[in-house]
Structures are given as C-alpha cells and as structure tokens.
>>> print(open('data.txt').read())   # compact mmCIF, C-alpha atoms and all ligand atoms
# COMPACT_ATOMS: atom_id res chain seq x y z
CA MET A 3 42.01 -25.51 5.75
CA ASN A 4 40.05 -23.64 3.07
CA ASN A 5 41.80 -21.31 0.67
CA ALA A 6 41.36 -17.64 1.47
CA ILE A 7 39.82 -15.41 -1.23
CA TYR A 8 40.31 -11.66 -1.04
CA PRO A 9 38.00 -9.52 -3.22
CA LEU A 10 40.71 -6.98 -3.98
CA PHE A 11 39.73 -3.35 -4.47
CA PRO A 12 35.98 -3.67 -5.03
CA TYR A 13 33.72 -0.79 -6.14
CA PRO A 14 31.25 0.06 -3.38
CA LEU A 15 27.67 0.30 -4.59
CA VAL A 16 25.35 1.15 -1.69
CA VAL A 17 21.64 0.39 -1.93
CA SER A 18 19.73 2.17 0.82
CA GLY A 19 17.94 -0.07 3.31
CA LYS A 20 15.47 2.73 3.95
CA LYS A 21 13.17 3.68 1.07
CA TYR A 22 12.24 7.35 0.71
CA GLU A 23 8.49 7.95 0.81
CA PHE A 24 7.39 10.73 -1.53
CA SER A 25 4.62 13.06 -0.39
CA SER A 26 1.88 14.06 -2.81
CA ALA A 27 3.33 17.61 -2.85
CA GLU A 28 6.73 16.21 -3.90
CA ASN A 29 5.15 14.03 -6.58
CA ASP A 30 3.24 17.05 -7.82
CA TYR A 31 6.42 19.17 -8.00
CA ILE A 32 8.27 16.38 -9.84
CA SER A 33 5.47 15.80 -12.34
CA LYS A 34 5.48 19.50 -13.28
CA LEU A 35 9.22 19.79 -14.00
CA GLU A 36 9.98 20.97 -17.52
CA MET A 37 11.78 18.21 -19.44
CA ILE A 38 14.32 18.50 -22.27
CA ASP A 39 15.84 15.86 -24.56
CA ASN A 40 18.83 13.86 -23.38
CA ILE A 41 20.59 10.95 -25.15
CA GLY A 42 18.01 8.13 -25.21
CA ASN A 43 15.69 9.73 -22.65
CA SER A 44 14.69 13.11 -21.23
CA MET A 45 15.97 15.13 -18.29
CA SER A 46 14.68 18.10 -16.33
CA LYS A 47 15.76 21.53 -17.57
CA ASN A 48 16.41 22.36 -13.91
CA ASP A 49 19.76 20.72 -13.03
CA LYS A 50 19.62 21.63 -9.32
CA ILE A 51 16.24 20.27 -8.30
CA LEU A 52 17.49 19.22 -4.84
CA GLU A 53 18.09 22.89 -4.04
CA ASP A 54 14.38 23.65 -4.42
CA ASN A 55 12.35 23.96 -1.21
CA GLU A 56 9.80 21.45 -2.52
CA LEU A 57 12.44 18.68 -2.30
CA SER A 58 14.17 19.79 0.92
CA ASP A 59 13.10 16.64 2.84
CA LEU A 60 14.47 14.44 0.05
CA LYS A 61 17.74 16.37 0.15
CA VAL A 62 18.02 15.73 3.91
CA PHE A 63 17.53 11.98 3.25
CA ILE A 64 20.15 11.95 0.47
CA ASP A 65 22.65 14.12 2.38
CA GLU A 66 22.45 11.68 5.31
CA GLN A 67 23.20 8.71 3.04
CA VAL A 68 26.06 10.53 1.27
CA LEU A 69 27.57 11.48 4.64
CA ASN A 70 27.34 7.86 5.78
CA TYR A 71 29.09 6.69 2.57
CA LYS A 72 31.82 9.32 2.94
CA LYS A 73 32.39 8.85 6.67
CA ASN A 74 31.88 5.13 7.31
CA LEU A 75 32.57 3.49 3.97
CA LEU A 76 35.20 5.72 2.35
CA GLN A 77 36.46 6.92 5.74
CA LEU A 78 37.38 10.31 4.31
CA LYS A 79 38.86 12.69 6.86
CA ASP A 80 36.29 14.93 8.55
CA GLU A 81 37.46 18.20 6.97
CA ASN A 82 36.61 16.93 3.49
CA GLU A 83 32.96 17.61 2.77
CA ILE A 84 31.16 15.80 -0.04
CA TYR A 85 28.32 17.99 -1.31
CA ILE A 86 25.72 17.70 -4.04
CA THR A 87 26.50 19.68 -7.19
CA GLN A 88 23.93 18.96 -9.91
CA SER A 89 20.65 17.06 -9.45
CA TRP A 90 18.01 16.32 -12.06
CA LEU A 91 15.02 14.19 -13.02
CA ASN A 92 15.31 11.49 -15.73
CA ASN A 93 12.33 10.11 -17.62
CA SER A 94 12.48 7.09 -19.94
CA ASN A 95 9.25 6.56 -21.81
CA THR A 96 8.47 3.45 -23.83
CA SER A 97 11.44 2.58 -26.11
CA GLN A 98 13.74 5.05 -24.36
CA PHE A 99 16.91 4.00 -22.54
CA HIS A 100 20.05 5.23 -20.77
CA PRO A 101 23.23 4.68 -22.80
CA ARG A 102 26.32 3.39 -21.01
CA HIS A 103 27.94 6.32 -19.23
CA LYS A 104 29.82 7.55 -16.19
CA HIS A 105 29.66 10.86 -14.29
CA PRO A 106 32.89 12.85 -14.77
CA ASN A 107 33.71 15.76 -12.43
CA SER A 108 31.92 14.00 -9.58
CA ILE A 109 33.08 11.87 -6.65
CA ILE A 110 30.01 9.89 -5.59
CA SER A 111 26.92 9.77 -7.79
CA GLY A 112 23.47 8.63 -6.84
CA VAL A 113 20.14 7.67 -8.29
CA LEU A 114 16.77 7.36 -6.59
CA PHE A 115 13.84 5.65 -8.30
CA LEU A 116 10.30 6.95 -8.43
CA ASP A 117 8.20 4.15 -9.89
CA GLN A 118 6.93 1.33 -7.68
CA ASN A 119 7.86 -1.23 -10.36
CA LYS A 120 5.78 -3.80 -8.51
CA ASP A 121 5.51 -6.15 -11.49
CA GLY A 122 9.21 -5.72 -12.38
CA HIS A 123 8.37 -4.50 -15.89
CA LEU A 124 10.82 -1.63 -15.85
CA PRO A 125 14.36 -2.34 -17.08
CA PRO A 126 16.97 -2.69 -14.30
CA ILE A 127 20.04 -0.50 -13.85
CA ARG A 128 23.23 -2.29 -14.90
CA PHE A 129 26.77 -1.55 -13.69
CA HIS A 130 29.84 -2.57 -15.66
CA ARG A 131 33.27 -3.81 -14.65
CA THR A 132 35.76 -0.99 -15.16
CA LEU A 133 38.87 -2.98 -16.11
CA GLN A 134 38.83 -6.33 -17.86
CA MET A 135 40.82 -8.77 -15.71
CA TYR A 136 41.99 -11.21 -18.40
CA PRO A 137 43.04 -10.52 -22.01
CA VAL A 138 40.59 -13.04 -23.52
CA ASP A 139 36.80 -13.43 -23.79
CA PHE A 140 35.99 -16.52 -21.74
CA SER A 141 32.74 -18.46 -21.59
CA PHE A 142 31.80 -19.26 -18.00
CA THR A 143 29.84 -22.14 -16.50
CA GLY A 144 28.47 -19.77 -13.87
CA LEU A 145 28.68 -16.11 -12.96
CA ASN A 146 30.02 -14.66 -9.74
CA GLU A 147 31.59 -11.44 -8.46
CA PHE A 148 34.99 -12.48 -9.82
CA ASN A 149 34.07 -13.22 -13.44
CA ALA A 150 30.94 -11.16 -14.23
CA SER A 151 31.48 -8.17 -16.51
CA SER A 152 28.25 -6.49 -15.40
CA ARG A 153 25.54 -6.75 -12.77
CA GLU A 154 21.90 -5.67 -12.86
CA PHE A 155 19.61 -4.41 -10.09
CA ASP A 156 15.84 -4.13 -10.18
CA THR A 157 14.55 -0.80 -9.01
CA GLU A 158 12.01 0.02 -6.30
CA GLN A 159 10.23 3.21 -5.37
CA GLY A 160 12.30 5.34 -3.00
CA MET A 161 15.40 3.14 -3.32
CA LEU A 162 18.63 5.14 -3.35
CA MET A 163 21.84 3.85 -4.93
CA LEU A 164 25.23 5.49 -4.31
CA PHE A 165 28.30 4.56 -6.32
CA PRO A 166 31.71 5.91 -7.36
CA SER A 167 30.99 8.35 -10.18
CA LEU A 168 33.41 6.72 -12.64
CA LEU A 169 31.63 3.35 -12.41
CA GLU A 170 29.90 2.90 -15.77
CA HIS A 171 26.22 2.03 -15.93
CA ASP A 172 23.30 1.88 -18.36
CA VAL A 173 19.65 0.93 -18.65
CA ASP A 174 18.15 -1.09 -21.51
CA LYS A 175 15.22 0.08 -23.58
CA ASN A 176 12.01 0.53 -21.60
CA THR A 177 9.65 -2.06 -23.11
CA SER A 178 6.81 -1.30 -20.68
CA ASP A 179 4.07 1.26 -21.26
CA ARG A 180 5.09 3.14 -18.12
CA THR A 181 7.61 5.93 -17.65
CA ARG A 182 10.78 4.96 -15.82
CA SER A 183 11.60 7.99 -13.64
CA SER A 184 14.59 8.60 -11.44
CA ILE A 185 16.36 11.46 -9.72
CA SER A 186 20.14 11.55 -10.22
CA PHE A 187 22.80 13.69 -8.65
CA ASN A 188 26.54 14.30 -8.62
CA THR A 189 28.81 15.42 -5.80
CA PHE A 190 32.18 17.05 -5.32
CA VAL A 191 34.64 17.59 -2.49
CA ARG A 192 35.47 20.66 -0.39
CA GLY A 193 38.51 21.15 1.83
CA THR A 194 42.15 20.24 1.45
CA ILE A 195 43.15 17.08 -0.42
CA GLY A 196 46.64 15.73 -1.01
CA GLY A 197 49.64 16.80 1.07
CA LYS A 198 52.17 19.61 1.22
CA GLU A 199 55.18 17.24 1.42
CA GLN A 200 53.93 15.10 -1.47
CA LEU A 201 53.44 18.27 -3.54
CA THR A 202 49.84 17.16 -4.21
CA GLU A 203 48.05 19.65 -1.97
CA VAL A 204 44.91 21.33 -3.31
CA THR A 205 42.36 23.28 -1.30
CA ILE A 206 38.90 23.36 -2.82
CA SER A 207 36.37 25.77 -1.35
FE FE A 301 24.08 7.85 -14.55
>>> encode(input="data.txt", output="structure tokens", more="lines below")
Ligand SMILES: [Fe+2]
Amino acid sequence: MNNAIYPLFPYPLVVSGKKYEFSSAENDYISKLEMIDNIGNSMSKNDKILEDNELSDLKVFIDEQVLNYKKNLLQLKDENEIYITQSWLNNSNTSQFHPRHKHPNSIISGVLFLDQNKDGHLPPIRFHRTLQMYPVDFSFTGLNEFNASSREFDTEQGMLMLFPSLLEHDVDKNTSDRTRSSISFNTFVRGTIGGKEQLTEVTIS
C-alpha cells in the first residue's frame, strides 16, 4: 500500500480555461485610459473601469468566473454575494515591474492579461507561499508543491486568474520592448457573515 499524502489547506488559484477575446472597441477604450504612476509600473486613473459600458461584456465574463469560484470552489452560502469593488488597468513598460504585494480589503482578487505574449518574452506572474513551513532554509534536489516557496505562471491574452486576495504575488522587471498590460480587480462580500450565537455576526450591505 502506498502512503497517502494530503495537501492540507491549499490556496486555490484558478486559471480560466476560457480566454476572453477583446473586441477592437474594447482595445480602443483600454488604450485611451489615462494612466498615473504606481510603484514600479503605471495604473489607470479610473479605478472602476469594469463599471464602464465599454467593458460590460468583459464584466459579464469576470462575474461568471467569480460566481463559479464563490459557489463551486469556496462553496459560500448563496446569500453571500461576492462583487467587484475596484478594477483598473496596469501597464509595465520596459524595466518596469510589480513589487511583491497582496490586496487588502478584498476577498478574491483577479487579473486578466492583455498581451498575446506568443514568444514568452513578458515576465510571468509569481505567487508566494504565505507561511514558511520549516524554520530553516533548505536546499532541495527538486521542487514540488510541498517545498516550493513560489510558483510562476506565463501569461496569455484573455487569461483570467482568480486567487485569495491575501496571497502575495509579484512580477519581475519587464526586459522586453513591449508593454505588459493587465486588468486587475478586487471584490468584497455582501450579506450576513458569522453567527448570532458565536457573537461574530456582521451584515454587510
Ligand atoms: Fe496584484
């Protein structure tokens, strides 16, 4: 009999099987967004771009994926709605990057990539282990889900990633001559959470 291995309490990162196809009108709207400086890169001044009519089809696509995450993966009770709060465009030009960060005041965060990245020149997104498992820095003979401290994913046009907002991530310096563009968003919860008897009840409208 083989030993059983249980991957206890993993962080669910969902990569959409379906890729969103941007229309030329959507690309036009995105290319005209006013950008302001962010740490290491730039972001749109508009922090609610998914509320604009020009991106309403994209919002339908994202809402569907968020609902699937909430309902089938997290199995949150029906009365709790997870809705998009802020949404914005990120641009990393040559030599720009995304410092390691998480998304406070959000439940599930997401990112959707705009560049085709056919030659794989754009830097991948990298997620980091939240809690170190052992109190020493080991050297490993191979990496797997149980010993890796981070994991990278190459990006594709229209690919959506959803992840718990407190999962830290970053992107290395863009060494290509292209702009690495993505749309990010945060979410929050509506409805009653906690319980009356446990004295943890909160209703968020
Ligand atoms: Fe992020």
>>> residues_near_ligand(input="data.txt", ligand="ligand FE 301 (chain A)", cutoff="12 Å", atoms="all atoms listed in the file", output="NGL selection string")
:A and (40-41 or 43 or 45 or 89-92 or 99-106 or 108 or 110-114 or 127-130 or 163-173 or 184-188)
>>> write_last_selection(input="data.txt", atoms="C-alpha atoms", output="JSON list (two decimals), in the coordinates of the input")
[["chain", "number", "residue", "atom", "x", "y", "z"],
["A", 40, "ASN", "CA", 18.83, 13.86, -23.38],
["A", 41, "ILE", "CA", 20.59, 10.95, -25.15],
["A", 43, "ASN", "CA", 15.69, 9.73, -22.65],
["A", 45, "MET", "CA", 15.97, 15.13, -18.29],
["A", 89, "SER", "CA", 20.65, 17.06, -9.45],
["A", 90, "TRP", "CA", 18.01, 16.32, -12.06],
["A", 91, "LEU", "CA", 15.02, 14.19, -13.02],
["A", 92, "ASN", "CA", 15.31, 11.49, -15.73],
["A", 99, "PHE", "CA", 16.91, 4.00, -22.54],
["A", 100, "HIS", "CA", 20.05, 5.23, -20.77],
["A", 101, "PRO", "CA", 23.23, 4.68, -22.80],
["A", 102, "ARG", "CA", 26.32, 3.39, -21.01],
["A", 103, "HIS", "CA", 27.94, 6.32, -19.23],
["A", 104, "LYS", "CA", 29.82, 7.55, -16.19],
["A", 105, "HIS", "CA", 29.66, 10.86, -14.29],
["A", 106, "PRO", "CA", 32.89, 12.85, -14.77],
["A", 108, "SER", "CA", 31.92, 14.00, -9.58],
["A", 110, "ILE", "CA", 30.01, 9.89, -5.59],
["A", 111, "SER", "CA", 26.92, 9.77, -7.79],
["A", 112, "GLY", "CA", 23.47, 8.63, -6.84],
["A", 113, "VAL", "CA", 20.14, 7.67, -8.29],
["A", 114, "LEU", "CA", 16.77, 7.36, -6.59],
["A", 127, "ILE", "CA", 20.04, -0.50, -13.85],
["A", 128, "ARG", "CA", 23.23, -2.29, -14.90],
["A", 129, "PHE", "CA", 26.77, -1.55, -13.69],
["A", 130, "HIS", "CA", 29.84, -2.57, -15.66],
["A", 163, "MET", "CA", 21.84, 3.85, -4.93],
["A", 164, "LEU", "CA", 25.23, 5.49, -4.31],
["A", 165, "PHE", "CA", 28.30, 4.56, -6.32],
["A", 166, "PRO", "CA", 31.71, 5.91, -7.36],
["A", 167, "SER", "CA", 30.99, 8.35, -10.18],
["A", 168, "LEU", "CA", 33.41, 6.72, -12.64],
["A", 169, "LEU", "CA", 31.63, 3.35, -12.41],
["A", 170, "GLU", "CA", 29.90, 2.90, -15.77],
["A", 171, "HIS", "CA", 26.22, 2.03, -15.93],
["A", 172, "ASP", "CA", 23.30, 1.88, -18.36],
["A", 173, "VAL", "CA", 19.65, 0.93, -18.65],
["A", 184, "SER", "CA", 14.59, 8.60, -11.44],
["A", 185, "ILE", "CA", 16.36, 11.46, -9.72],
["A", 186, "SER", "CA", 20.14, 11.55, -10.22],
["A", 187, "PHE", "CA", 22.80, 13.69, -8.65],
["A", 188, "ASN", "CA", 26.54, 14.30, -8.62]]
>>> residues_near_point(input="data.txt", point="(16.7, 1.0, 0.1)", cutoff="6 Å", atoms="only C-alpha atoms", output="VMD selection string")
chain A and resid 17 to 21 161 to 162
>>> atom_distance(input="data.txt", atom1="CA of Lys61 in chain A", atom2="CA of Phe155 in chain A")
23.2 Å
>>> atom_distance(input="data.txt", atom1="CA of Phe142 in chain A", atom2="CA of Lys175 in chain A")
26.1 Å
>>> atom_distance(input="data.txt", atom1="CA of Thr189 in chain A", atom2="CA of Gln88 in chain A")
7.3 Å
>>> residues_around(input="data.txt", residues="Ile206 in chain A", least_positions_apart="5", cutoff="12 Å", atoms="only C-alpha atoms", output="PyMOL selection string")
chain A and resi 81-85+190-196
>>> closest_atom_pairs(input="data.txt", of="range 78-103 of chain A", to="range 176-180 of chain A", cutoff="7 Å", atoms="all atoms listed in the file", output="JSON lines")
{"residue": "A:Ser94", "atom": "CA", "partner": "A:Asn176", "partner_atom": "CA", "distance": 6.8}
{"residue": "A:Asn95", "atom": "CA", "partner": "A:Arg180", "partner_atom": "CA", "distance": 6.5}
{"residue": "A:Thr96", "atom": "CA", "partner": "A:Asn176", "partner_atom": "CA", "distance": 5.1}
{"residue": "A:Ser97", "atom": "CA", "partner": "A:Asn176", "partner_atom": "CA", "distance": 5.0}
{"residue": "A:Gln98", "atom": "CA", "partner": "A:Asn176", "partner_atom": "CA", "distance": 5.6}
{"residue": "A:Phe99", "atom": "CA", "partner": "A:Asn176", "partner_atom": "CA", "distance": 6.1}
>>> closest_residue(input="data.txt", among="A:Ser26, A:Gln159, A:Gln77, A:Ser151", to="Asp117 in chain A", atoms="all atoms listed in the file")
A:Gln159
>>> closest_residue(input="data.txt", among="A:Ile109, A:Arg182, A:Thr157, A:Leu201", to="Thr87 in chain A", atoms="only C-alpha atoms")
A:Ile109
>>> closest_residue(input="data.txt", among="A:Leu15, A:Ile32, A:Val204, A:Ile86", to="Glu66 in chain A", atoms="all atoms listed in the file")
A:Ile86
>>> closest_residue(input="data.txt", among="A:Lys198, A:Asp54, A:Val68, A:Asn93", to="Asp39 in chain A", atoms="all atoms listed in the file")
A:Asn93
>>> axis_aligned_box(input="data.txt", around="range 92-106 of chain A", padding_each_side="3 Å", output="JSON")
{"center_x": 20.7, "center_y": 7.7, "center_z": -20.2, "size_x": 30.4, "size_y": 16.3, "size_z": 17.8}
>>> closest_residue(input="data.txt", among="A:Ser58, A:Asn119, A:Thr181, A:Ser141", to="Ser25 in chain A", atoms="all atoms listed in the file")
A:Ser58
>>> residues_around(input="data.txt", residues="Phe11 in chain A", least_positions_apart="5", cutoff="12 Å", atoms="all atoms listed in the file", output="ChimeraX atom specification")
/A:132-133,148
